[in-house]
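Engineer: Pasting a structure below so you can have a look.
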Amino acid sequence: MVQKKIPLRRCSGCGQSKPKKELVRVVRAPDGSVSLDLAGRKPGRGAYVCPSRECLAKARKAKRFERALEVQIPDEVYGAMEAEIAKGEHDAG
């Protein structure tokens with residue numbers, strides 16, 4: 001039986017490589033809008049972050065999403081990302 005290769009992605013916050021399914025994707029759509037992609041299937045350029053507030057805060061402070069997605073990210077989008085990650089932490093805990 002052949003072992004299926006698990007795709008790894010690097011967190012924009014802590015820099016650790018983790019399986020793609022464990023990370024949350026932030027995507028810049030072809031129209032330039034930025035949003036959270038929880039399913040990992042939206043079209044566009046993506047950047048990944050651990051589903052934790054700490055990693056999101058580190059990535060935001062260092063402007064890693066702006067660099068990776070090549071676009072300015074408004075505060076409302078960060079607010080939505082924080083709310084979604086907080087909701088995920090609440091559901092898991």
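Note on naming: chains are A, B, ... as they come in the structure tokens, residues start from 1 per chain, ligands start from 1 in the order shown.
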Please, which residues of chain A, numbered as in this document, come out helix (DSSP H, G or I) from DSSP, as an NGL selection string?
Structural biologist: :A and (20-22 or 53-61 or 64-69 or 75-92)
Engineer: Which residues, written as a list of chain:residue names, have at least one atom at most 7 Å from stretch 17-31 of chain A, with only C-alpha atoms counted and residues fewer than 4 positions away on the same chain left out?
Structural biologist: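 Contacts, with the query itself left out: A:Ile6, A:Pro7, A:Leu8, A:Arg9, A:Arg10, A:Cys11, A:Ser35, A:Leu36, A:Asp37, A:Leu38, A:Gly40, A:Pro43, A:Gly44, A:Arg45, A:Gly46, A:Ala47, A:Tyr48, A:Val49, A:Cys50, A:Pro51, A:Leu69.
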Engineer: Restricting the output to all heavy atoms, write the selected residues as a compact mmCIF listing (two decimals), in the first residue's frame.
Structural biologist:
```txt
# COMPACT_ATOMS: atom_id res chain seq x y z
N ILE A 6 1.41 13.87 2.54
CA ILE A 6 0.65 14.92 3.22
C ILE A 6 1.28 16.26 2.90
O ILE A 6 2.46 16.48 3.20
CB ILE A 6 0.63 14.68 4.75
CG1 ILE A 6 -0.03 13.34 5.07
CG2 ILE A 6 -0.08 15.82 5.46
CD1 ILE A 6 0.10 12.92 6.51
N PRO A 7 0.52 17.18 2.28
CA PRO A 7 1.09 18.49 1.95
C PRO A 7 1.36 19.31 3.21
O PRO A 7 0.51 19.40 4.09
CB PRO A 7 0.04 19.15 1.07
CG PRO A 7 -1.23 18.42 1.32
CD PRO A 7 -0.86 17.05 1.82
N LEU A 8 2.55 19.90 3.30
CA LEU A 8 2.92 20.74 4.43
C LEU A 8 2.89 22.19 4.00
O LEU A 8 3.23 22.53 2.87
CB LEU A 8 4.32 20.38 4.94
CG LEU A 8 4.52 18.99 5.50
CD1 LEU A 8 5.98 18.78 5.87
CD2 LEU A 8 3.64 18.75 6.71
N ARG A 9 2.51 23.06 4.92
CA ARG A 9 2.53 24.50 4.69
C ARG A 9 3.15 25.16 5.92
O ARG A 9 3.06 24.65 7.03
CB ARG A 9 1.12 25.07 4.48
CG ARG A 9 0.42 24.52 3.23
CD ARG A 9 1.09 25.01 1.96
NE ARG A 9 0.42 24.55 0.76
CZ ARG A 9 0.74 23.45 0.09
NH1 ARG A 9 1.70 22.67 0.51
NH2 ARG A 9 0.08 23.13 -1.00
N ARG A 10 3.76 26.32 5.73
CA ARG A 10 4.42 27.03 6.81
C ARG A 10 3.49 28.10 7.39
O ARG A 10 2.92 28.90 6.64
CB ARG A 10 5.70 27.67 6.31
CG ARG A 10 6.48 28.37 7.42
CD ARG A 10 7.87 28.60 7.03
NE ARG A 10 8.47 27.29 6.78
CZ ARG A 10 9.76 27.09 6.63
NH1 ARG A 10 10.59 28.07 6.70
NH2 ARG A 10 10.23 25.89 6.40
N CYS A 11 3.39 28.14 8.70
CA CYS A 11 2.57 29.15 9.39
C CYS A 11 3.25 30.51 9.25
O CYS A 11 4.45 30.64 9.49
CB CYS A 11 2.40 28.78 10.86
SG CYS A 11 1.63 30.07 11.84
N SER A 35 -9.87 37.24 2.36
CA SER A 35 -10.80 36.60 3.29
C SER A 35 -10.18 35.34 3.86
O SER A 35 -9.15 34.86 3.38
CB SER A 35 -12.11 36.26 2.58
OG SER A 35 -11.87 35.33 1.55
N LEU A 36 -10.84 34.80 4.88
CA LEU A 36 -10.42 33.55 5.50
C LEU A 36 -11.01 32.41 4.69
O LEU A 36 -12.18 32.46 4.31
CB LEU A 36 -10.96 33.52 6.93
CG LEU A 36 -10.09 32.94 8.01
CD1 LEU A 36 -8.72 33.58 8.01
CD2 LEU A 36 -10.73 33.10 9.36
N ASP A 37 -10.23 31.39 4.43
CA ASP A 37 -10.68 30.24 3.66
C ASP A 37 -10.57 29.01 4.55
O ASP A 37 -9.53 28.37 4.60
CB ASP A 37 -9.82 30.09 2.40
CG ASP A 37 -10.25 28.94 1.53
OD1 ASP A 37 -11.34 28.38 1.76
OD2 ASP A 37 -9.48 28.59 0.61
N LEU A 38 -11.64 28.70 5.27
CA LEU A 38 -11.60 27.58 6.21
C LEU A 38 -11.58 26.22 5.52
O LEU A 38 -11.00 25.27 6.03
CB LEU A 38 -12.79 27.67 7.17
CG LEU A 38 -12.82 28.94 8.02
CD1 LEU A 38 -14.10 29.03 8.81
CD2 LEU A 38 -11.61 29.01 8.94
N GLY A 40 -10.18 25.74 2.52
CA GLY A 40 -8.94 25.63 1.76
C GLY A 40 -9.14 25.42 0.28
O GLY A 40 -8.29 24.88 -0.41
N PRO A 43 -10.38 30.02 -4.82
CA PRO A 43 -9.33 30.36 -5.78
C PRO A 43 -8.57 31.60 -5.34
O PRO A 43 -9.14 32.49 -4.71
CB PRO A 43 -10.10 30.61 -7.08
CG PRO A 43 -11.45 31.04 -6.62
CD PRO A 43 -11.71 30.30 -5.33
N GLY A 44 -7.31 31.67 -5.67
CA GLY A 44 -6.51 32.84 -5.37
C GLY A 44 -5.22 32.49 -4.66
O GLY A 44 -4.92 31.32 -4.40
N ARG A 45 -4.46 33.51 -4.33
CA ARG A 45 -3.17 33.34 -3.66
C ARG A 45 -3.41 33.17 -2.16
O ARG A 45 -4.15 33.92 -1.56
CB ARG A 45 -2.30 34.56 -3.93
CG ARG A 45 -0.91 34.46 -3.37
CD ARG A 45 -0.08 35.62 -3.89
NE ARG A 45 1.28 35.52 -3.38
CZ ARG A 45 2.23 34.78 -3.93
NH1 ARG A 45 1.97 34.09 -5.01
NH2 ARG A 45 3.44 34.74 -3.40
N GLY A 46 -2.76 32.18 -1.56
CA GLY A 46 -3.00 31.89 -0.15
C GLY A 46 -1.78 32.02 0.73
O GLY A 46 -0.65 31.92 0.29
N ALA A 47 -2.05 32.27 2.00
CA ALA A 47 -1.04 32.25 3.05
C ALA A 47 -1.68 31.49 4.21
O ALA A 47 -2.91 31.48 4.35
CB ALA A 47 -0.67 33.66 3.48
N TYR A 48 -0.88 30.86 5.03
CA TYR A 48 -1.40 29.99 6.07
C TYR A 48 -1.00 30.46 7.45
O TYR A 48 0.06 31.08 7.62
CB TYR A 48 -0.90 28.55 5.85
CG TYR A 48 -1.44 27.94 4.59
CD1 TYR A 48 -0.85 28.20 3.36
CD2 TYR A 48 -2.57 27.14 4.62
CE1 TYR A 48 -1.36 27.66 2.19
CE2 TYR A 48 -3.09 26.60 3.45
CZ TYR A 48 -2.49 26.85 2.24
OH TYR A 48 -3.00 26.33 1.10
N VAL A 49 -1.84 30.16 8.44
CA VAL A 49 -1.56 30.52 9.83
C VAL A 49 -2.18 29.44 10.73
O VAL A 49 -3.21 28.86 10.40
CB VAL A 49 -2.10 31.93 10.16
CG1 VAL A 49 -3.61 31.98 10.14
CG2 VAL A 49 -1.57 32.43 11.48
N CYS A 50 -1.52 29.18 11.86
CA CYS A 50 -2.07 28.26 12.85
C CYS A 50 -3.39 28.83 13.37
O CYS A 50 -3.54 30.05 13.43
CB CYS A 50 -1.11 28.09 14.03
SG CYS A 50 0.44 27.29 13.62
N PRO A 51 -4.32 27.98 13.77
CA PRO A 51 -5.59 28.50 14.29
C PRO A 51 -5.44 28.97 15.74
O PRO A 51 -6.13 28.49 16.63
CB PRO A 51 -6.54 27.30 14.16
CG PRO A 51 -5.65 26.12 14.23
CD PRO A 51 -4.34 26.54 13.60
N LEU A 69 0.65 37.99 0.36
CA LEU A 69 -0.48 38.16 -0.55
C LEU A 69 -0.33 39.37 -1.47
O LEU A 69 -1.14 39.58 -2.36
CB LEU A 69 -1.78 38.29 0.25
CG LEU A 69 -2.11 37.09 1.15
CD1 LEU A 69 -3.37 37.37 1.94
CD2 LEU A 69 -2.24 35.81 0.36
```
Engineer: Give me every strand (DSSP E or B) residue in chain A, going by DSSP on the backbone, as an NGL selection string.
Structural biologist: :A and (8-11 or 17-19 or 24-28 or 34-37 or 45-49)
Engineer: Using only C-alpha atoms, which residue out of A:Ser52, A:Ser12, A:Ser33, A:Gln3 lies closest to A:Phe65?
Structural biologist: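 Ranked by minimum distance to A:Phe65, first place goes to A:Ser12.
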Engineer: Within 12 Å of A:Ala86, counting only C-alpha atoms, which residues show up once you throw out same-chain ones fewer than 6 positions away? Write them as an MDAnalysis selection string, please.
Structural biologist: chainID A and resid 50:54 56 79:80 92:93
Engineer: Print the selection's residues with all heavy atoms to a file, as a PDB file, in the first residue's frame.
Structural biologist:
```pdb
ATOM      1  N   CYS A  50      -1.518  29.178  11.857  1.00  0.00           N
ATOM      2  CA  CYS A  50      -2.069  28.258  12.847  1.00  0.00           C
ATOM      3  C   CYS A  50      -3.389  28.831  13.366  1.00  0.00           C
ATOM      4  O   CYS A  50      -3.539  30.050  13.431  1.00  0.00           O
ATOM      5  CB  CYS A  50      -1.113  28.089  14.026  1.00  0.00           C
ATOM      6  SG  CYS A  50       0.443  27.293  13.624  1.00  0.00           S
ATOM      7  N   PRO A  51      -4.321  27.982  13.766  1.00  0.00           N
ATOM      8  CA  PRO A  51      -5.589  28.499  14.293  1.00  0.00           C
ATOM      9  C   PRO A  51      -5.442  28.967  15.742  1.00  0.00           C
ATOM     10  O   PRO A  51      -6.131  28.491  16.635  1.00  0.00           O
ATOM     11  CB  PRO A  51      -6.538  27.302  14.164  1.00  0.00           C
ATOM     12  CG  PRO A  51      -5.647  26.122  14.235  1.00  0.00           C
ATOM     13  CD  PRO A  51      -4.345  26.539  13.604  1.00  0.00           C
ATOM     14  N   SER A  52      -4.520  29.905  15.986  1.00  0.00           N
ATOM     15  CA  SER A  52      -4.326  30.452  17.329  1.00  0.00           C
ATOM     16  C   SER A  52      -4.159  31.965  17.244  1.00  0.00           C
ATOM     17  O   SER A  52      -3.621  32.491  16.269  1.00  0.00           O
ATOM     18  CB  SER A  52      -3.103  29.834  18.001  1.00  0.00           C
ATOM     19  OG  SER A  52      -1.918  30.372  17.470  1.00  0.00           O
ATOM     20  N   ARG A  53      -4.607  32.647  18.276  1.00  0.00           N
ATOM     21  CA  ARG A  53      -4.508  34.113  18.307  1.00  0.00           C
ATOM     22  C   ARG A  53      -3.057  34.571  18.302  1.00  0.00           C
ATOM     23  O   ARG A  53      -2.737  35.604  17.725  1.00  0.00           O
ATOM     24  CB  ARG A  53      -5.201  34.649  19.555  1.00  0.00           C
ATOM     25  CG  ARG A  53      -6.701  34.505  19.509  1.00  0.00           C
ATOM     26  CD  ARG A  53      -7.326  35.162  20.733  1.00  0.00           C
ATOM     27  NE  ARG A  53      -8.716  34.780  20.826  1.00  0.00           N
ATOM     28  CZ  ARG A  53      -9.286  34.344  21.929  1.00  0.00           C
ATOM     29  NH1 ARG A  53      -8.612  34.240  23.038  1.00  0.00           N
ATOM     30  NH2 ARG A  53     -10.560  34.024  21.927  1.00  0.00           N
ATOM     31  N   GLU A  54      -2.186  33.814  18.971  1.00  0.00           N
ATOM     32  CA  GLU A  54      -0.776  34.209  19.062  1.00  0.00           C
ATOM     33  C   GLU A  54      -0.131  34.250  17.681  1.00  0.00           C
ATOM     34  O   GLU A  54       0.565  35.215  17.344  1.00  0.00           O
ATOM     35  CB  GLU A  54      -0.001  33.239  19.967  1.00  0.00           C
ATOM     36  CG  GLU A  54      -0.420  33.266  21.421  1.00  0.00           C
ATOM     37  CD  GLU A  54      -1.670  32.436  21.702  1.00  0.00           C
ATOM     38  OE1 GLU A  54      -1.927  31.456  20.972  1.00  0.00           O
ATOM     39  OE2 GLU A  54      -2.401  32.780  22.640  1.00  0.00           O
ATOM     40  N   LEU A  56      -1.623  34.494  14.763  1.00  0.00           N
ATOM     41  CA  LEU A  56      -2.249  35.546  13.969  1.00  0.00           C
ATOM     42  C   LEU A  56      -1.682  36.910  14.352  1.00  0.00           C
ATOM     43  O   LEU A  56      -1.370  37.730  13.488  1.00  0.00           O
ATOM     44  CB  LEU A  56      -3.766  35.527  14.150  1.00  0.00           C
ATOM     45  CG  LEU A  56      -4.546  36.534  13.319  1.00  0.00           C
ATOM     46  CD1 LEU A  56      -4.336  36.307  11.833  1.00  0.00           C
ATOM     47  CD2 LEU A  56      -6.024  36.477  13.648  1.00  0.00           C
ATOM     48  N   GLY A  79     -10.020  41.701  11.947  1.00  0.00           N
ATOM     49  CA  GLY A  79     -11.039  41.506  12.978  1.00  0.00           C
ATOM     50  C   GLY A  79     -11.861  40.251  12.721  1.00  0.00           C
ATOM     51  O   GLY A  79     -12.127  39.464  13.637  1.00  0.00           O
ATOM     52  N   ALA A  80     -12.249  40.050  11.470  1.00  0.00           N
ATOM     53  CA  ALA A  80     -13.010  38.856  11.098  1.00  0.00           C
ATOM     54  C   ALA A  80     -12.178  37.587  11.292  1.00  0.00           C
ATOM     55  O   ALA A  80     -12.686  36.558  11.759  1.00  0.00           O
ATOM     56  CB  ALA A  80     -13.479  38.963   9.647  1.00  0.00           C
ATOM     57  N   ALA A  92     -13.432  24.036  19.856  1.00  0.00           N
ATOM     58  CA  ALA A  92     -12.536  22.915  20.139  1.00  0.00           C
ATOM     59  C   ALA A  92     -12.377  22.702  21.641  1.00  0.00           C
ATOM     60  O   ALA A  92     -12.132  21.587  22.099  1.00  0.00           O
ATOM     61  CB  ALA A  92     -11.178  23.158  19.498  1.00  0.00           C
ATOM     62  N   GLY A  93     -12.448  23.777  22.428  1.00  0.00           N
ATOM     63  CA  GLY A  93     -12.197  23.664  23.858  1.00  0.00           C
ATOM     64  C   GLY A  93     -13.402  23.565  24.653  1.00  0.00           C
ATOM     65  O   GLY A  93     -14.122  22.824  25.066  1.00  0.00           O
TER      66      GLY A  93
END
```
Engineer: Determine the nearest neighbour of A:Gln16 from the options A:Cys55, A:Val34, A:Ile85, A:Val2, counting only C-alpha atoms.
Structural biologist: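 Distance minimum relative to A:Gln16 lands on A:Cys55.
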Engineer: Expressed in Å to a single decimal, how great is the separation between atom CA of A:Ile73 and atom CA of A:Lys87?
Structural biologist: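 Calculated distance between atom CA of A:Ile73 and atom CA of A:Lys87 is 21.0 Å.
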Engineer: Given only C-alpha atoms as the basis, pick out the residue of A:Val77, A:Ala62, A:Lys42, A:Met1 nearest to A:Cys14.
Structural biologist: A:Ala62
Engineer: So which residues touch A:Lys63 within 10 Å, counting only C-alpha atoms, skipping near sequence neighbours fewer than 5 positions away, as a ChimeraX atom specification?
Structural biologist: /A:12-13,57-58,68,72-73
Engineer: Could those residues be written to a file, using N, CA and C atoms, as a compact mmCIF listing (two decimals), in the first residue's frame?
Structural biologist:
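Generated file (part.txt):
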```
# COMPACT_ATOMS: atom_id res chain seq x y z
N SER A 12 2.47 31.52 8.90
CA SER A 12 3.01 32.88 8.76
C SER A 12 3.34 33.49 10.11
N GLY A 13 2.80 32.93 11.19
CA GLY A 13 3.06 33.46 12.53
C GLY A 13 4.29 32.86 13.17
N ALA A 57 -1.49 37.14 15.66
CA ALA A 57 -0.94 38.42 16.12
C ALA A 57 0.50 38.61 15.63
N LYS A 58 1.32 37.55 15.67
CA LYS A 58 2.70 37.64 15.19
C LYS A 58 2.73 37.96 13.70
N ALA A 68 3.05 38.24 1.79
CA ALA A 68 2.74 36.99 1.09
C ALA A 68 1.66 37.19 0.03
N GLN A 72 -2.56 45.30 0.66
CA GLN A 72 -2.83 45.85 1.99
C GLN A 72 -4.07 45.15 2.55
N ILE A 73 -4.03 44.78 3.82
CA ILE A 73 -5.16 44.10 4.44
C ILE A 73 -5.82 45.05 5.43
```
